[in-house]
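K.L.:
Quick one, upload07.tsv (TSV, C-alpha atoms and all ligand atoms):
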chain	number	residue	atom	x	y	z
A	1	MET	CA	-30.06	17.72	-13.28
A	2	SER	CA	-33.78	17.67	-12.48
A	3	ASN	CA	-35.23	20.90	-11.13
A	4	ASP	CA	-36.74	19.52	-7.98
A	5	THR	CA	-33.44	18.73	-6.31
A	6	HIS	CA	-31.96	20.91	-3.61
A	7	ILE	CA	-28.24	21.27	-3.91
A	8	ARG	CA	-26.35	24.11	-2.29
A	9	SER	CA	-24.35	26.44	-4.47
A	10	GLY	CA	-21.12	26.78	-2.45
A	11	ARG	CA	-17.79	25.05	-2.46
A	12	ILE	CA	-17.49	21.29	-1.98
A	13	ALA	CA	-14.46	19.63	-0.36
A	14	VAL	CA	-14.04	15.91	-0.97
A	15	ILE	CA	-11.83	13.90	1.37
A	16	SER	CA	-10.36	11.36	-0.98
A	17	GLY	CA	-8.43	8.13	-1.28
A	18	GLY	CA	-7.86	6.51	-4.68
A	19	VAL	CA	-10.27	4.45	-6.77
A	20	GLY	CA	-13.56	4.94	-4.90
A	21	ALA	CA	-12.89	8.66	-4.52
A	22	ALA	CA	-11.96	9.07	-8.17
A	23	ARG	CA	-15.27	7.56	-9.27
A	24	MET	CA	-17.16	9.76	-6.81
A	25	LEU	CA	-15.32	12.87	-8.02
A	26	ARG	CA	-16.20	12.06	-11.62
A	27	GLY	CA	-19.86	11.85	-10.58
A	28	LEU	CA	-19.64	15.12	-8.66
A	29	ALA	CA	-17.95	16.89	-11.58
A	30	ALA	CA	-20.85	15.80	-13.80
A	31	ALA	CA	-23.47	16.87	-11.25
A	32	VAL	CA	-22.26	20.40	-10.47
A	33	ASP	CA	-19.87	23.02	-11.84
A	34	PRO	CA	-16.43	21.37	-11.39
A	35	ASP	CA	-15.01	24.76	-10.31
A	36	ARG	CA	-16.79	24.27	-7.01
A	37	ILE	CA	-15.02	21.00	-6.20
A	38	THR	CA	-11.74	20.51	-4.33
A	39	ALA	CA	-10.38	17.02	-3.78
A	40	LEU	CA	-8.29	16.76	-0.63
A	41	VAL	CA	-6.20	13.70	-1.33
A	42	ASN	CA	-4.47	11.05	0.78
A	43	THR	CA	-0.70	10.92	0.40
A	44	GLY	CA	-0.11	8.23	3.03
A	45	ASP	CA	0.47	5.71	0.19
A	46	ASP	CA	3.16	7.83	-1.44
A	47	THR	CA	6.46	6.12	-1.98
A	48	VAL	CA	9.84	6.44	-3.68
A	49	LEU	CA	10.89	3.74	-6.13
A	50	HIS	CA	13.81	3.95	-8.61
A	51	GLY	CA	14.37	7.36	-7.01
A	52	LEU	CA	10.96	8.49	-8.33
A	53	SER	CA	8.31	10.17	-6.19
A	54	ILE	CA	5.08	8.24	-6.65
A	55	SER	CA	1.67	9.45	-5.43
A	56	PRO	CA	-0.79	6.67	-6.29
A	57	ASP	CA	-4.02	8.26	-5.05
A	58	LEU	CA	-3.33	11.61	-6.71
A	59	ASP	CA	-2.54	9.87	-10.00
A	60	THR	CA	-5.61	7.61	-9.84
A	61	ILE	CA	-7.79	10.72	-9.49
A	62	VAL	CA	-6.04	12.60	-12.32
A	63	TYR	CA	-6.19	9.65	-14.71
A	64	THR	CA	-9.84	8.89	-13.86
A	65	LEU	CA	-11.01	12.48	-14.31
A	66	ALA	CA	-9.05	12.69	-17.55
A	67	ASP	CA	-10.82	9.53	-18.75
A	68	ALA	CA	-7.41	7.91	-19.17
A	69	ILE	CA	-7.61	5.31	-16.40
A	70	ASP	CA	-7.45	1.64	-17.36
A	71	PRO	CA	-11.05	0.56	-16.77
A	72	GLU	CA	-10.18	-3.08	-16.04
A	73	ARG	CA	-7.31	-2.57	-13.64
A	74	GLY	CA	-8.81	0.56	-12.05
A	75	TRP	CA	-5.32	2.07	-11.76
A	76	GLY	CA	-2.72	3.19	-14.30
A	77	LEU	CA	-3.28	4.33	-17.86
A	78	VAL	CA	-5.38	2.73	-20.56
A	79	ASP	CA	-3.41	1.29	-23.51
A	80	GLU	CA	-0.33	1.22	-21.31
A	81	THR	CA	2.86	-0.67	-22.24
A	82	TRP	CA	5.39	-2.14	-19.81
A	83	ARG	CA	8.70	-2.19	-21.68
A	84	ALA	CA	10.69	-0.25	-19.08
A	85	MET	CA	9.61	-2.69	-16.34
A	86	GLY	CA	10.64	-5.62	-18.54
A	87	ALA	CA	14.00	-4.02	-19.27
A	88	LEU	CA	14.77	-4.05	-15.54
A	89	ASP	CA	15.30	-7.85	-15.80
A	90	ARG	CA	18.83	-7.23	-17.02
A	91	TYR	CA	19.73	-5.29	-13.88
A	92	ALA	CA	17.75	-7.42	-11.44
A	93	ALA	CA	19.93	-10.32	-12.63
A	94	ILE	CA	23.21	-8.69	-11.54
A	95	ARG	CA	21.99	-6.69	-8.54
A	96	PRO	CA	24.16	-7.32	-5.43
A	97	PRO	CA	22.32	-9.25	-2.70
A	98	ASP	CA	22.10	-6.25	-0.38
A	99	SER	CA	20.78	-3.91	-3.07
A	100	GLN	CA	17.20	-2.77	-3.56
A	101	ALA	CA	17.88	-1.44	-7.06
A	102	ALA	CA	15.59	-2.34	-9.99
A	103	PRO	CA	12.61	-3.49	-7.90
A	104	GLN	CA	9.97	-5.12	-10.06
A	105	TRP	CA	7.18	-5.81	-7.59
A	106	PHE	CA	5.58	-2.41	-8.20
A	107	ASN	CA	4.46	-2.02	-11.81
A	108	LEU	CA	5.05	1.32	-13.47
A	109	GLY	CA	3.79	1.64	-17.03
A	110	ASP	CA	5.87	3.35	-19.71
A	111	GLN	CA	3.54	6.35	-20.09
A	112	ASP	CA	2.82	6.53	-16.36
A	113	LEU	CA	6.59	6.94	-15.83
A	114	ALA	CA	6.37	10.38	-17.44
A	115	THR	CA	4.15	11.57	-14.58
A	116	HIS	CA	6.64	10.31	-11.98
A	117	PHE	CA	9.59	11.83	-13.89
A	118	TYR	CA	7.84	15.19	-13.93
A	119	ARG	CA	6.75	15.11	-10.28
A	120	THR	CA	10.21	14.02	-9.11
A	121	ALA	CA	12.07	16.63	-11.13
A	122	ARG	CA	9.78	19.46	-9.99
A	123	LEU	CA	10.08	18.42	-6.34
A	124	GLN	CA	13.86	18.37	-6.76
A	125	GLU	CA	13.68	21.89	-8.19
A	126	GLY	CA	12.05	22.93	-4.92
A	127	ALA	CA	8.38	23.00	-5.94
A	128	THR	CA	5.90	21.79	-3.34
A	129	LEU	CA	3.74	18.73	-3.90
A	130	THR	CA	0.75	21.10	-3.88
A	131	GLU	CA	2.25	23.07	-6.79
A	132	VAL	CA	3.27	20.00	-8.78
A	133	THR	CA	-0.13	18.39	-8.28
A	134	ASP	CA	-1.80	21.45	-9.74
A	135	GLU	CA	0.56	21.36	-12.72
A	136	ILE	CA	-0.10	17.69	-13.39
A	137	ARG	CA	-3.85	18.29	-13.06
A	138	GLN	CA	-3.61	21.06	-15.66
A	139	ALA	CA	-1.55	18.91	-18.01
A	140	TRP	CA	-4.37	16.36	-18.05
A	141	GLY	CA	-7.18	18.94	-18.28
A	142	VAL	CA	-8.73	17.87	-14.99
A	143	PRO	CA	-11.43	20.46	-14.22
A	144	ILE	CA	-11.56	20.15	-10.40
A	145	ARG	CA	-9.05	21.53	-7.92
A	146	MET	CA	-6.78	18.91	-6.33
A	147	LEU	CA	-4.76	19.31	-3.14
A	148	PRO	CA	-2.49	16.75	-1.51
A	149	MET	CA	-3.30	16.58	2.20
A	150	SER	CA	0.25	17.65	3.02
A	151	ASP	CA	3.49	18.77	1.42
A	152	ARG	CA	5.45	16.77	3.96
A	153	ARG	CA	5.69	13.06	4.52
A	154	ARG	CA	2.99	11.18	6.43
A	155	SER	CA	3.40	7.50	5.62
A	156	THR	CA	0.97	4.74	6.37
A	157	ILE	CA	2.78	1.93	8.21
A	158	VAL	CA	1.05	-1.43	8.43
A	159	THR	CA	1.97	-4.07	11.01
A	160	VAL	CA	1.48	-7.44	9.32
A	161	THR	CA	1.25	-10.55	11.46
A	162	ALA	CA	3.51	-12.57	9.14
A	163	ASP	CA	5.70	-11.40	6.28
A	164	PRO	CA	6.61	-14.39	4.08
A	165	ASP	CA	9.59	-12.42	2.72
A	166	ALA	CA	10.91	-11.99	6.30
A	167	GLY	CA	10.74	-15.62	7.45
A	168	GLY	CA	7.05	-15.35	8.35
A	169	GLU	CA	7.77	-12.91	11.21
A	170	PRO	CA	5.49	-10.03	12.19
A	171	ARG	CA	6.80	-6.80	10.73
A	172	ASP	CA	6.06	-3.12	10.13
A	173	VAL	CA	5.91	-2.45	6.40
A	174	SER	CA	5.03	0.48	4.18
A	175	PHE	CA	1.57	0.64	2.70
A	176	GLN	CA	2.77	-0.31	-0.80
A	177	ASP	CA	4.73	-3.23	0.66
A	178	TYR	CA	1.51	-4.49	2.21
A	179	PHE	CA	-0.78	-3.64	-0.67
A	180	VAL	CA	1.35	-4.58	-3.69
A	181	ARG	CA	4.28	-6.75	-2.60
A	182	LEU	CA	2.20	-8.81	-0.15
A	183	ARG	CA	-0.94	-8.36	-2.29
A	184	HIS	CA	-2.84	-7.38	0.90
A	185	GLY	CA	-3.01	-11.11	1.58
A	186	VAL	CA	-1.65	-11.19	5.13
A	187	PRO	CA	-3.51	-10.23	8.33
A	188	VAL	CA	-2.90	-6.80	9.76
A	189	SER	CA	-2.64	-6.14	13.50
A	190	ALA	CA	-2.10	-2.37	13.50
A	191	VAL	CA	-1.92	0.69	11.26
A	192	ARG	CA	-0.11	3.90	12.13
A	193	PHE	CA	0.98	7.06	10.38
A	194	ASP	CA	4.60	8.18	10.48
A	195	GLY	CA	6.11	11.56	9.70
A	196	ASP	CA	5.81	15.19	10.66
A	197	ALA	CA	3.23	16.22	8.07
A	198	GLU	CA	0.73	18.97	8.67
A	199	LEU	CA	-2.34	19.85	6.70
A	200	THR	CA	-1.20	22.53	4.23
A	201	PRO	CA	-2.75	25.99	4.63
A	202	SER	CA	-4.63	25.55	1.34
A	203	ALA	CA	-5.93	22.14	2.42
A	204	ARG	CA	-7.06	23.63	5.74
A	205	ALA	CA	-8.76	26.51	3.92
A	206	SER	CA	-10.52	24.09	1.57
A	207	ILE	CA	-12.21	22.46	4.56
A	208	LEU	CA	-13.02	25.74	6.31
A	209	ASP	CA	-14.33	27.40	3.12
A	210	ALA	CA	-16.40	24.45	1.94
A	211	GLU	CA	-20.13	24.68	2.32
A	212	THR	CA	-20.35	20.91	2.00
A	213	ILE	CA	-17.74	18.30	2.87
A	214	VAL	CA	-17.95	14.82	1.34
A	215	ILE	CA	-16.02	11.86	2.70
A	216	ALA	CA	-15.55	9.74	-0.43
A	217	PRO	CA	-16.15	5.97	-0.47
A	218	SER	CA	-12.51	5.13	0.25
A	219	ASN	CA	-10.85	2.79	2.71
A	220	PRO	CA	-11.70	4.37	6.11
A	221	VAL	CA	-8.47	3.13	7.73
A	222	VAL	CA	-5.71	3.59	5.17
A	223	SER	CA	-7.15	6.22	2.81
A	224	ILE	CA	-9.29	8.50	5.00
A	225	GLY	CA	-7.28	7.60	8.15
A	226	PRO	CA	-4.07	9.42	7.15
A	227	LEU	CA	-5.96	12.69	6.62
A	228	ARG	CA	-7.81	12.30	9.89
A	229	SER	CA	-4.48	11.69	11.63
A	230	LEU	CA	-3.29	15.22	10.80
A	231	ASP	CA	-3.56	17.80	13.58
A	232	GLY	CA	-6.91	19.50	13.78
A	233	VAL	CA	-8.71	17.67	10.98
A	234	ASP	CA	-11.14	15.67	13.13
A	235	GLU	CA	-11.81	18.77	15.24
A	236	MET	CA	-12.62	20.83	12.13
A	237	LEU	CA	-14.91	18.13	10.78
A	238	THR	CA	-16.63	17.68	14.13
A	239	GLN	CA	-17.36	21.41	14.22
A	240	ARG	CA	-18.77	21.23	10.71
A	241	ARG	CA	-20.52	17.92	11.29
A	242	ASP	CA	-23.90	19.06	9.91
A	243	ASP	CA	-22.24	19.83	6.58
A	244	VAL	CA	-20.29	16.57	6.36
A	245	VAL	CA	-21.67	13.56	4.47
A	246	ALA	CA	-19.86	10.23	4.04
A	247	VAL	CA	-20.47	7.61	1.34
A	248	SER	CA	-19.94	4.05	2.52
A	249	PRO	CA	-17.13	2.13	0.78
A	250	ILE	CA	-18.55	-1.06	2.24
A	251	ILE	CA	-21.50	-2.53	0.35
A	252	GLY	CA	-23.23	-5.71	1.50
A	253	GLY	CA	-20.51	-6.33	4.06
A	254	ALA	CA	-17.70	-6.23	1.52
A	255	ALA	CA	-15.33	-3.83	-0.21
A	256	LEU	CA	-15.86	-3.68	-3.96
A	257	LYS	CA	-12.11	-4.09	-4.35
A	258	GLY	CA	-9.14	-4.17	-2.01
A	259	PRO	CA	-8.74	-5.11	1.62
A	260	ALA	CA	-11.02	-2.56	3.37
A	261	ASP	CA	-13.46	-5.23	4.63
A	262	ARG	CA	-10.80	-7.59	5.99
A	263	MET	CA	-8.78	-4.75	7.42
A	264	LEU	CA	-11.77	-3.37	9.33
A	265	VAL	CA	-12.37	-6.77	10.94
A	266	GLU	CA	-8.68	-7.38	11.69
A	267	LEU	CA	-8.52	-4.01	13.44
A	268	GLY	CA	-11.58	-4.71	15.57
A	269	HIS	CA	-14.27	-2.92	13.57
A	270	GLU	CA	-17.29	-4.31	11.78
A	271	ALA	CA	-17.15	-4.74	7.98
A	272	SER	CA	-20.59	-3.29	7.39
A	273	VAL	CA	-22.26	0.06	6.91
A	274	VAL	CA	-22.81	0.06	10.67
A	275	GLY	CA	-19.07	-0.37	11.27
A	276	VAL	CA	-18.43	2.52	8.85
A	277	ALA	CA	-21.05	4.63	10.65
A	278	ARG	CA	-19.33	4.04	14.00
A	279	LEU	CA	-16.04	5.26	12.52
A	280	TYR	CA	-17.61	8.41	11.06
A	281	ALA	CA	-20.47	9.31	13.44
A	282	GLU	CA	-18.43	11.91	15.29
A	283	ILE	CA	-17.32	13.79	12.19
A	284	ALA	CA	-20.21	13.36	9.74
A	285	SER	CA	-23.98	13.74	10.06
A	286	VAL	CA	-25.07	11.62	7.10
A	287	LEU	CA	-24.05	8.19	5.75
A	288	VAL	CA	-25.04	7.23	2.20
A	289	ILE	CA	-25.51	3.47	1.76
A	290	ASP	CA	-26.57	1.13	-1.02
A	291	PRO	CA	-30.06	-0.46	-1.21
A	292	VAL	CA	-28.54	-3.90	-0.44
A	293	ASP	CA	-27.85	-2.51	3.04
A	294	ALA	CA	-31.23	-0.78	3.49
A	295	HIS	CA	-32.15	-3.23	6.28
A	296	LEU	CA	-29.29	-1.74	8.34
A	297	SER	CA	-30.59	1.86	8.14
A	298	GLU	CA	-31.92	1.82	11.68
A	299	ALA	CA	-28.68	0.44	13.06
A	300	VAL	CA	-26.81	3.18	11.18
A	301	GLU	CA	-29.13	5.82	12.62
A	302	ALA	CA	-28.58	4.38	16.11
A	303	THR	CA	-24.98	5.66	15.82
A	304	GLY	CA	-26.35	9.19	15.53
A	305	MET	CA	-25.96	9.54	11.75
A	306	ARG	CA	-28.79	10.14	9.32
A	307	CYS	CA	-28.92	7.33	6.76
A	308	VAL	CA	-29.66	7.88	3.05
A	309	VAL	CA	-30.19	4.88	0.76
A	310	THR	CA	-29.33	5.10	-2.94
A	311	PRO	CA	-27.54	2.94	-5.54
A	312	SER	CA	-23.87	3.45	-4.82
A	313	VAL	CA	-21.95	0.95	-6.93
A	314	MET	CA	-20.57	3.39	-9.50
A	315	SER	CA	-20.46	0.99	-12.43
A	316	THR	CA	-21.56	3.68	-14.91
A	317	PRO	CA	-21.05	7.47	-15.07
A	318	ALA	CA	-24.83	7.93	-14.76
A	319	ILE	CA	-24.94	6.03	-11.46
A	320	ALA	CA	-21.94	7.99	-10.17
A	321	ARG	CA	-23.64	11.26	-11.10
A	322	ARG	CA	-26.90	10.29	-9.43
A	323	LEU	CA	-25.01	9.16	-6.31
A	324	ALA	CA	-23.24	12.54	-6.29
A	325	GLU	CA	-26.55	14.41	-6.55
A	326	VAL	CA	-28.18	12.41	-3.77
A	327	THR	CA	-25.08	12.86	-1.60
A	328	LEU	CA	-25.13	16.65	-2.04
A	329	GLU	CA	-28.90	16.84	-1.56
A	330	SER	CA	-28.59	14.94	1.71
A	331	VAL	CA	-26.94	17.90	3.48
A	332	ALA	CA	-29.08	20.63	1.92
A	333	GLY	CA	-32.16	21.62	3.87
A	334	PRO	CA	-35.46	21.77	1.94
A	335	GLY	CA	-35.39	25.57	2.21
A	336	GLU	CA	-31.93	25.93	0.68
A	337	THR	CA	-31.38	27.33	-2.79
A	338	VAL	CA	-31.39	25.17	-5.86
A	339	ALA	CA	-28.20	25.60	-7.81
A	340	GLN	CA	-26.99	24.14	-11.08
B	401	LIG	P1	-7.41	2.97	-3.25
B	401	LIG	O1	-6.71	4.10	-2.57
B	401	LIG	O2	-7.22	2.99	-4.71
B	401	LIG	O3	-7.22	1.67	-2.59
B	401	LIG	O4	-8.93	3.23	-3.15
B	401	LIG	P2	-9.83	3.82	-2.03
B	401	LIG	O5	-9.12	4.20	-0.81
B	401	LIG	O6	-10.69	4.79	-2.73
B	401	LIG	O7	-10.63	2.60	-1.45
B	401	LIG	C1	-11.05	1.48	-2.01
B	401	LIG	C2	-12.46	1.42	-1.50
B	401	LIG	O8	-13.29	2.09	-2.44
B	401	LIG	C3	-12.99	0.02	-1.34
B	401	LIG	O9	-13.45	-0.16	-0.03
B	401	LIG	C4	-14.15	-0.02	-2.33
B	401	LIG	O10	-15.24	-0.76	-1.84
B	401	LIG	C5	-14.51	1.43	-2.49
B	401	LIG	N1	-15.12	1.67	-3.78
B	401	LIG	C6	-14.56	1.53	-5.00
B	401	LIG	N2	-15.47	1.77	-5.97
B	401	LIG	C7	-16.64	2.08	-5.32
B	401	LIG	C8	-17.96	2.40	-5.76
B	401	LIG	O11	-18.27	2.44	-6.96
B	401	LIG	N3	-18.91	2.65	-4.79
B	401	LIG	C9	-18.61	2.60	-3.46
B	401	LIG	N4	-19.59	2.87	-2.59
B	401	LIG	N5	-17.37	2.28	-3.02
B	401	LIG	C10	-16.41	2.03	-3.95
B	402	CA	CA	-4.75	4.44	-1.96
Rewrite the structure of this file - the entire thing - as structure tokens.

P.N.:
Amino acid sequence: MSNDTHIRSGRIAVISGGVGAARMLRGLAAAVDPDRITALVNTGDDTVLHGLSISPDLDTIVYTLADAIDPERGWGLVDETWRAMGALDRYAAIRPPDSQAAPQWFNLGDQDLATHFYRTARLQEGATLTEVTDEIRQAWGVPIRMLPMSDRRRSTIVTVTADPDAGGEPRDVSFQDYFVRLRHGVPVSAVRFDGDAELTPSARASILDAETIVIAPSNPVVSIGPLRSLDGVDEMLTQRRDDVVAVSPIIGGAALKGPADRMLVELGHEASVVGVARLYAEIASVLVIDPVDAHLSEAVEATGMRCVVTPSVMSTPAIARRLAEVTLESVAGPGETVAQ
């Protein structure tokens, strides 16, 4: 890192969804000592399939930081094979009509299955998701700390206006039903979070102890939303607002991938950096946006946030690292110490 940057030396908490957060975390881990970083990760997408406990955002972060993510797909492992999924054909063919066994709409790669086997078995032995996540992180040599937002269930439920698999009727479905089975191709009229989850004590401490809090460029509604829905989180962030910086997941009015842009519009928000600023202005003091949106800086600042413009499409590790540095610098005053 260049010597003229001002980055604080304390702990950094990163409120994280999946893909966008994973790229941001890789940049942060290159920019500062990874020991300082804690990812606080969405579990609203978690699901059970084939009896296996699946935590997509946690796994996306582990695989990305371990440099094992499939670069084309953006999820799952590189050089993956799919023989177990294929072998389900035999059982799908004889499954009774009222059975959900052997679902094939959610792809699980052969090597990826090992992660779900391990997580499921450990949870069944009585370990918490926090403990298992730390074990999986260690197994992959991931150098940052990772905490699920909760050890209990908090599921994202999406109301779709028409489910083709339910006669085109409106219906409440799980996030993975919406995202994978329906390929996020149907309009959404509401999103809510079900379950009695609470922020774990370690997750709470990671926010309170952090000198800087980063809201990663993740879907504001279904990735950052579940965390914000937990008791006390918005209040804690509001109190720490001067130390909270968000990176916009919307660039040039669009999501780089996924339904964040459409979903914002369908739920009455604006799919732009200004729409993102309105969602975060109460809890964060700075919004980092890409140069393609520089003309909207004033409108962002009208929401009460400071606006910082820097390249934020993390197509290379170098861009991700630079984005991480600029993000951290944005909450450090000019008088604050320069740390490695
Ligand atoms: P998911 O949980 O895997 O769906 O991923 P996220 O919750 O992290 O959200 C996907 C969001 O990440 C989309 O809105 C993308 O635009 C955003 N995103 C992905 N990669 C990047 C990137 O390189 N830069 C920025 N600024 N946003 C990104
Ligand atoms: Ca996700």

K.L.:
Would you mind listing what lies within 7 Å of Leu323 of chain A as a count of residues only, with all atoms listed in the file counted and same-chain residues fewer than 2 positions away left out?

P.N.:
9

K.L.:
Which residues are near ligand LIG 401 (chain B) in this structure, taking near to mean any atom at most 7 Å from a ligand atom and counting only C-alpha atoms and all ligand atoms? Format them as a ChimeraX atom specification.

P.N.:
/A:16-21,23,57,217-219,222-223,247-251,254-258,260-261,312-315

K.L.:
Keeping only C-alpha atoms, take the residues you just selected and write them out as a PDB file, keeping the file's coordinate frame.

P.N.:
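Output below, filename again_12.pdb:
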ATOM      1  CA  SER A  16     -10.360  11.360  -0.980  1.00  0.00           C
ATOM      2  CA  GLY A  17      -8.430   8.130  -1.280  1.00  0.00           C
ATOM      3  CA  GLY A  18      -7.860   6.510  -4.680  1.00  0.00           C
ATOM      4  CA  VAL A  19     -10.270   4.450  -6.770  1.00  0.00           C
ATOM      5  CA  GLY A  20     -13.560   4.940  -4.900  1.00  0.00           C
ATOM      6  CA  ALA A  21     -12.890   8.660  -4.520  1.00  0.00           C
ATOM      7  CA  ARG A  23     -15.270   7.560  -9.270  1.00  0.00           C
ATOM      8  CA  ASP A  57      -4.020   8.260  -5.050  1.00  0.00           C
ATOM      9  CA  PRO A 217     -16.150   5.970  -0.470  1.00  0.00           C
ATOM     10  CA  SER A 218     -12.510   5.130   0.250  1.00  0.00           C
ATOM     11  CA  ASN A 219     -10.850   2.790   2.710  1.00  0.00           C
ATOM     12  CA  VAL A 222      -5.710   3.590   5.170  1.00  0.00           C
ATOM     13  CA  SER A 223      -7.150   6.220   2.810  1.00  0.00           C
ATOM     14  CA  VAL A 247     -20.470   7.610   1.340  1.00  0.00           C
ATOM     15  CA  SER A 248     -19.940   4.050   2.520  1.00  0.00           C
ATOM     16  CA  PRO A 249     -17.130   2.130   0.780  1.00  0.00           C
ATOM     17  CA  ILE A 250     -18.550  -1.060   2.240  1.00  0.00           C
ATOM     18  CA  ILE A 251     -21.500  -2.530   0.350  1.00  0.00           C
ATOM     19  CA  ALA A 254     -17.700  -6.230   1.520  1.00  0.00           C
ATOM     20  CA  ALA A 255     -15.330  -3.830  -0.210  1.00  0.00           C
ATOM     21  CA  LEU A 256     -15.860  -3.680  -3.960  1.00  0.00           C
ATOM     22  CA  LYS A 257     -12.110  -4.090  -4.350  1.00  0.00           C
ATOM     23  CA  GLY A 258      -9.140  -4.170  -2.010  1.00  0.00           C
ATOM     24  CA  ALA A 260     -11.020  -2.560   3.370  1.00  0.00           C
ATOM     25  CA  ASP A 261     -13.460  -5.230   4.630  1.00  0.00           C
ATOM     26  CA  SER A 312     -23.870   3.450  -4.820  1.00  0.00           C
ATOM     27  CA  VAL A 313     -21.950   0.950  -6.930  1.00  0.00           C
ATOM     28  CA  MET A 314     -20.570   3.390  -9.500  1.00  0.00           C
ATOM     29  CA  SER A 315     -20.460   0.990 -12.430  1.00  0.00           C
TER      30      SER A 315
END

K.L.:
Quick one: of A:Thr156, A:Ser285, A:Asp70, A:Gln104, who's nearest to ligand CA 402 (chain B), counting all atoms listed in the file?

P.N.:
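Smallest separation from ligand CA 402 (chain B) among the options: A:Thr156.
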
K.L.:
Pick the closest to ligand CA 402 (chain B) from A:Val142, A:Phe106, A:Gly27, A:Pro220: which is it, counting all atoms listed in the file?

P.N.:
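With all atoms listed in the file as the atom set, the closest residue is A:Pro220.
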
K.L.:
Neighbours of Pro187 of chain A within 12 Å (only C-alpha atoms; same-chain residues fewer than 4 positions away dropped), as an MDAnalysis selection string?

P.N.:
chainID A and resid 158:164 168:171 178:179 182:183 191 259:267

K.L.:
How big is the axis-aligned box around all listed atoms of segment 276-289 of chain A once 4 Å goes on each side, and where's its centre, in Å to one decimal, as AutoDock Vina command-line options?

P.N.:
--center_x -20.8 --center_y 8.2 --center_z 8.5 --size_x 17.5 --size_y 19.3 --size_z 21.5

K.L.:
Please indicate the distance in Å from atom CA of Arg241 of chain A to atom CA of Thr212 of chain A, rounded to one decimal place.

P.N.:
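Between atom CA of Arg241 of chain A and atom CA of Thr212 of chain A the gap is 9.8 Å.
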